[in-house]
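Everything on this sheet refers to the single structure shown next.
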Amino acid sequence: MSDDDDFLTWVKTELYDAEVALHHGDPTPRRALWSRREPVSVLGAWGNARGQQELDELFASLGRSFSDCTSYAFELVAHDVTGDMAYTAGFEHTSASVDGQPRTYTLRATQVYRLEDGQWRVAHRHGDTVTG
């Protein structure tokens, strides 16, 4: 397999599973895939964070907000792997409860990844709601 194939396999398995878990209310798998090295940042549809402490607080808050995920799909639009850096851009289609209310929504999501000790880790996320 190529570096690109290995990266996409990780995106479609571990990263996908972590996002499903988050939308069921468990932020632990998502947090485990994020870098412990600075800088890390989120410019998100549900909140922003910069640095490890803010990231922990944001993911814990998301875990308390999300539940009952009935569907999650990541529609990959573009990606690239260059050495120990990679990115993805795409649409996240989700049906889950947010603060106890069922919702269906689509986010545009771009993430940046670093290869750390042979493992891909998320370093940055930007997500916003698709409107119209």
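Chain lettering (A, B, ...) mirrors the order of the structure tokens, residue numbering begins at 1 for each chain separately, and ligand numbering begins at 1 in order of display.
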
Give one line per residue of stretch 63-119 of chain A that approaches stretch 14-21 of chain A to at most 10 Å, naming the two atoms of the closest pair and their distance in Å to one decimal, counting only C-alpha atoms; sort by chain then ascending residue number and deliver it as CSV.
residue,atom,partner,partner_atom,distance
A:Gly63,CA,A:Ala21,CA,9.0
A:Phe66,CA,A:Ala21,CA,9.5
A:Ser67,CA,A:Ala21,CA,9.1
A:Asp68,CA,A:Ala21,CA,9.9
A:Cys69,CA,A:Val20,CA,7.1
A:Thr70,CA,A:Val20,CA,9.2
A:Ser71,CA,A:Val20,CA,8.1
A:Tyr72,CA,A:Val20,CA,6.4
A:Ala73,CA,A:Tyr16,CA,8.2
A:Phe74,CA,A:Tyr16,CA,7.6
A:Glu92,CA,A:Glu19,CA,9.7
A:Thr94,CA,A:Val20,CA,9.1
A:Ala96,CA,A:Val20,CA,9.7

Contacts of A:Ala78 at 9 Å (only C-alpha atoms; same-chain gap of 4+ positions) as a PyMOL selection string: chain A and resi 87-90

Determine the nearest neighbour of A:Glu75 from the options A:Asp3, A:His124, A:Ala109, A:Leu62, counting only C-alpha atoms.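 Checking each of A:Asp3, A:His124, A:Ala109, A:Leu62 against A:Glu75, counting only C-alpha atoms, the winner is A:Ala109.
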
Which of A:Gly47, A:Pro29, A:Pro39, A:Gly83 sits closest to A:Phe7 [using only C-alpha atoms]: A:Gly83

What's around A:Val40 at 12 Å? Count only C-alpha atoms, leave out sequence neighbours fewer than 3 positions away in its own chain, and write the answer as a PDB file with N, CA and C atoms, in the first residue's frame.
ATOM      1  N   ARG A  31     -10.787  12.262  20.782  1.00  0.00           N
ATOM      2  CA  ARG A  31      -9.654  12.908  21.461  1.00  0.00           C
ATOM      3  C   ARG A  31      -8.390  12.081  21.304  1.00  0.00           C
ATOM      4  N   LEU A  33      -7.389  10.504  18.808  1.00  0.00           N
ATOM      5  CA  LEU A  33      -6.810  10.674  17.476  1.00  0.00           C
ATOM      6  C   LEU A  33      -6.247  12.064  17.239  1.00  0.00           C
ATOM      7  N   TRP A  34      -6.378  12.925  18.223  1.00  0.00           N
ATOM      8  CA  TRP A  34      -5.844  14.284  18.087  1.00  0.00           C
ATOM      9  C   TRP A  34      -4.425  14.357  18.637  1.00  0.00           C
ATOM     10  N   SER A  35      -3.650  15.217  18.027  1.00  0.00           N
ATOM     11  CA  SER A  35      -2.260  15.417  18.425  1.00  0.00           C
ATOM     12  C   SER A  35      -2.164  15.919  19.855  1.00  0.00           C
ATOM     13  N   ARG A  36      -1.124  15.508  20.543  1.00  0.00           N
ATOM     14  CA  ARG A  36      -0.793  16.043  21.867  1.00  0.00           C
ATOM     15  C   ARG A  36       0.322  17.081  21.751  1.00  0.00           C
ATOM     16  N   ARG A  37       0.715  17.382  20.511  1.00  0.00           N
ATOM     17  CA  ARG A  37       1.720  18.419  20.257  1.00  0.00           C
ATOM     18  C   ARG A  37       1.024  19.698  19.817  1.00  0.00           C
ATOM     19  N   LEU A  43     -11.779  25.410  14.601  1.00  0.00           N
ATOM     20  CA  LEU A  43     -12.703  26.486  14.265  1.00  0.00           C
ATOM     21  C   LEU A  43     -13.965  25.754  13.836  1.00  0.00           C
ATOM     22  N   ASN A  48     -15.076  26.748  19.183  1.00  0.00           N
ATOM     23  CA  ASN A  48     -13.680  26.899  18.800  1.00  0.00           C
ATOM     24  C   ASN A  48     -12.774  26.503  19.954  1.00  0.00           C
ATOM     25  N   ALA A  49     -11.536  26.121  19.621  1.00  0.00           N
ATOM     26  CA  ALA A  49     -10.560  25.762  20.657  1.00  0.00           C
ATOM     27  C   ALA A  49      -9.158  25.977  20.107  1.00  0.00           C
ATOM     28  N   ARG A  50      -8.265  26.357  21.004  1.00  0.00           N
ATOM     29  CA  ARG A  50      -6.848  26.469  20.661  1.00  0.00           C
ATOM     30  C   ARG A  50      -6.053  25.955  21.854  1.00  0.00           C
ATOM     31  N   GLY A  51      -5.231  24.958  21.592  1.00  0.00           N
ATOM     32  CA  GLY A  51      -4.432  24.369  22.658  1.00  0.00           C
ATOM     33  C   GLY A  51      -5.125  23.171  23.282  1.00  0.00           C
ATOM     34  N   GLN A  52      -4.325  22.397  24.026  1.00  0.00           N
ATOM     35  CA  GLN A  52      -4.799  21.119  24.575  1.00  0.00           C
ATOM     36  C   GLN A  52      -5.963  21.275  25.555  1.00  0.00           C
ATOM     37  N   GLN A  53      -5.876  22.229  26.459  1.00  0.00           N
ATOM     38  CA  GLN A  53      -6.932  22.383  27.470  1.00  0.00           C
ATOM     39  C   GLN A  53      -8.258  22.769  26.826  1.00  0.00           C
ATOM     40  N   GLU A  54      -8.231  23.739  25.921  1.00  0.00           N
ATOM     41  CA  GLU A  54      -9.472  24.138  25.259  1.00  0.00           C
ATOM     42  C   GLU A  54     -10.037  23.007  24.408  1.00  0.00           C
ATOM     43  N   LEU A  55      -9.146  22.235  23.790  1.00  0.00           N
ATOM     44  CA  LEU A  55      -9.583  21.087  22.990  1.00  0.00           C
ATOM     45  C   LEU A  55     -10.299  20.066  23.877  1.00  0.00           C
ATOM     46  N   ASP A  56      -9.708  19.745  25.028  1.00  0.00           N
ATOM     47  CA  ASP A  56     -10.338  18.816  25.973  1.00  0.00           C
ATOM     48  C   ASP A  56     -11.718  19.319  26.387  1.00  0.00           C
ATOM     49  N   GLN A 111      -9.774  19.189   7.601  1.00  0.00           N
ATOM     50  CA  GLN A 111      -8.890  18.821   8.706  1.00  0.00           C
ATOM     51  C   GLN A 111      -7.459  18.697   8.194  1.00  0.00           C
ATOM     52  N   VAL A 112      -6.529  19.016   9.088  1.00  0.00           N
ATOM     53  CA  VAL A 112      -5.102  18.906   8.818  1.00  0.00           C
ATOM     54  C   VAL A 112      -4.540  17.867   9.782  1.00  0.00           C
ATOM     55  N   TYR A 113      -3.661  17.007   9.267  1.00  0.00           N
ATOM     56  CA  TYR A 113      -3.129  15.885  10.034  1.00  0.00           C
ATOM     57  C   TYR A 113      -1.605  15.905  10.029  1.00  0.00           C
ATOM     58  N   ARG A 114      -1.024  15.371  11.114  1.00  0.00           N
ATOM     59  CA  ARG A 114       0.427  15.172  11.214  1.00  0.00           C
ATOM     60  C   ARG A 114       0.686  13.701  11.490  1.00  0.00           C
ATOM     61  N   ARG A 121      -2.427  11.880  13.293  1.00  0.00           N
ATOM     62  CA  ARG A 121      -3.083  12.623  14.360  1.00  0.00           C
ATOM     63  C   ARG A 121      -3.649  13.911  13.772  1.00  0.00           C
ATOM     64  N   VAL A 122      -4.839  14.288  14.225  1.00  0.00           N
ATOM     65  CA  VAL A 122      -5.470  15.526  13.768  1.00  0.00           C
ATOM     66  C   VAL A 122      -4.808  16.691  14.498  1.00  0.00           C
ATOM     67  N   ALA A 123      -4.485  17.745  13.737  1.00  0.00           N
ATOM     68  CA  ALA A 123      -3.882  18.940  14.320  1.00  0.00           C
ATOM     69  C   ALA A 123      -4.798  20.158  14.218  1.00  0.00           C
ATOM     70  N   HIS A 124      -5.692  20.147  13.220  1.00  0.00           N
ATOM     71  CA  HIS A 124      -6.587  21.292  13.033  1.00  0.00           C
ATOM     72  C   HIS A 124      -7.872  20.833  12.362  1.00  0.00           C
ATOM     73  N   ARG A 125      -8.961  21.449  12.760  1.00  0.00           N
ATOM     74  CA  ARG A 125     -10.269  21.193  12.148  1.00  0.00           C
ATOM     75  C   ARG A 125     -10.979  22.513  11.924  1.00  0.00           C
ATOM     76  N   HIS A 126     -11.554  22.650  10.749  1.00  0.00           N
ATOM     77  CA  HIS A 126     -12.470  23.747  10.494  1.00  0.00           C
ATOM     78  C   HIS A 126     -13.763  23.142   9.979  1.00  0.00           C
TER      79      HIS A 126
END
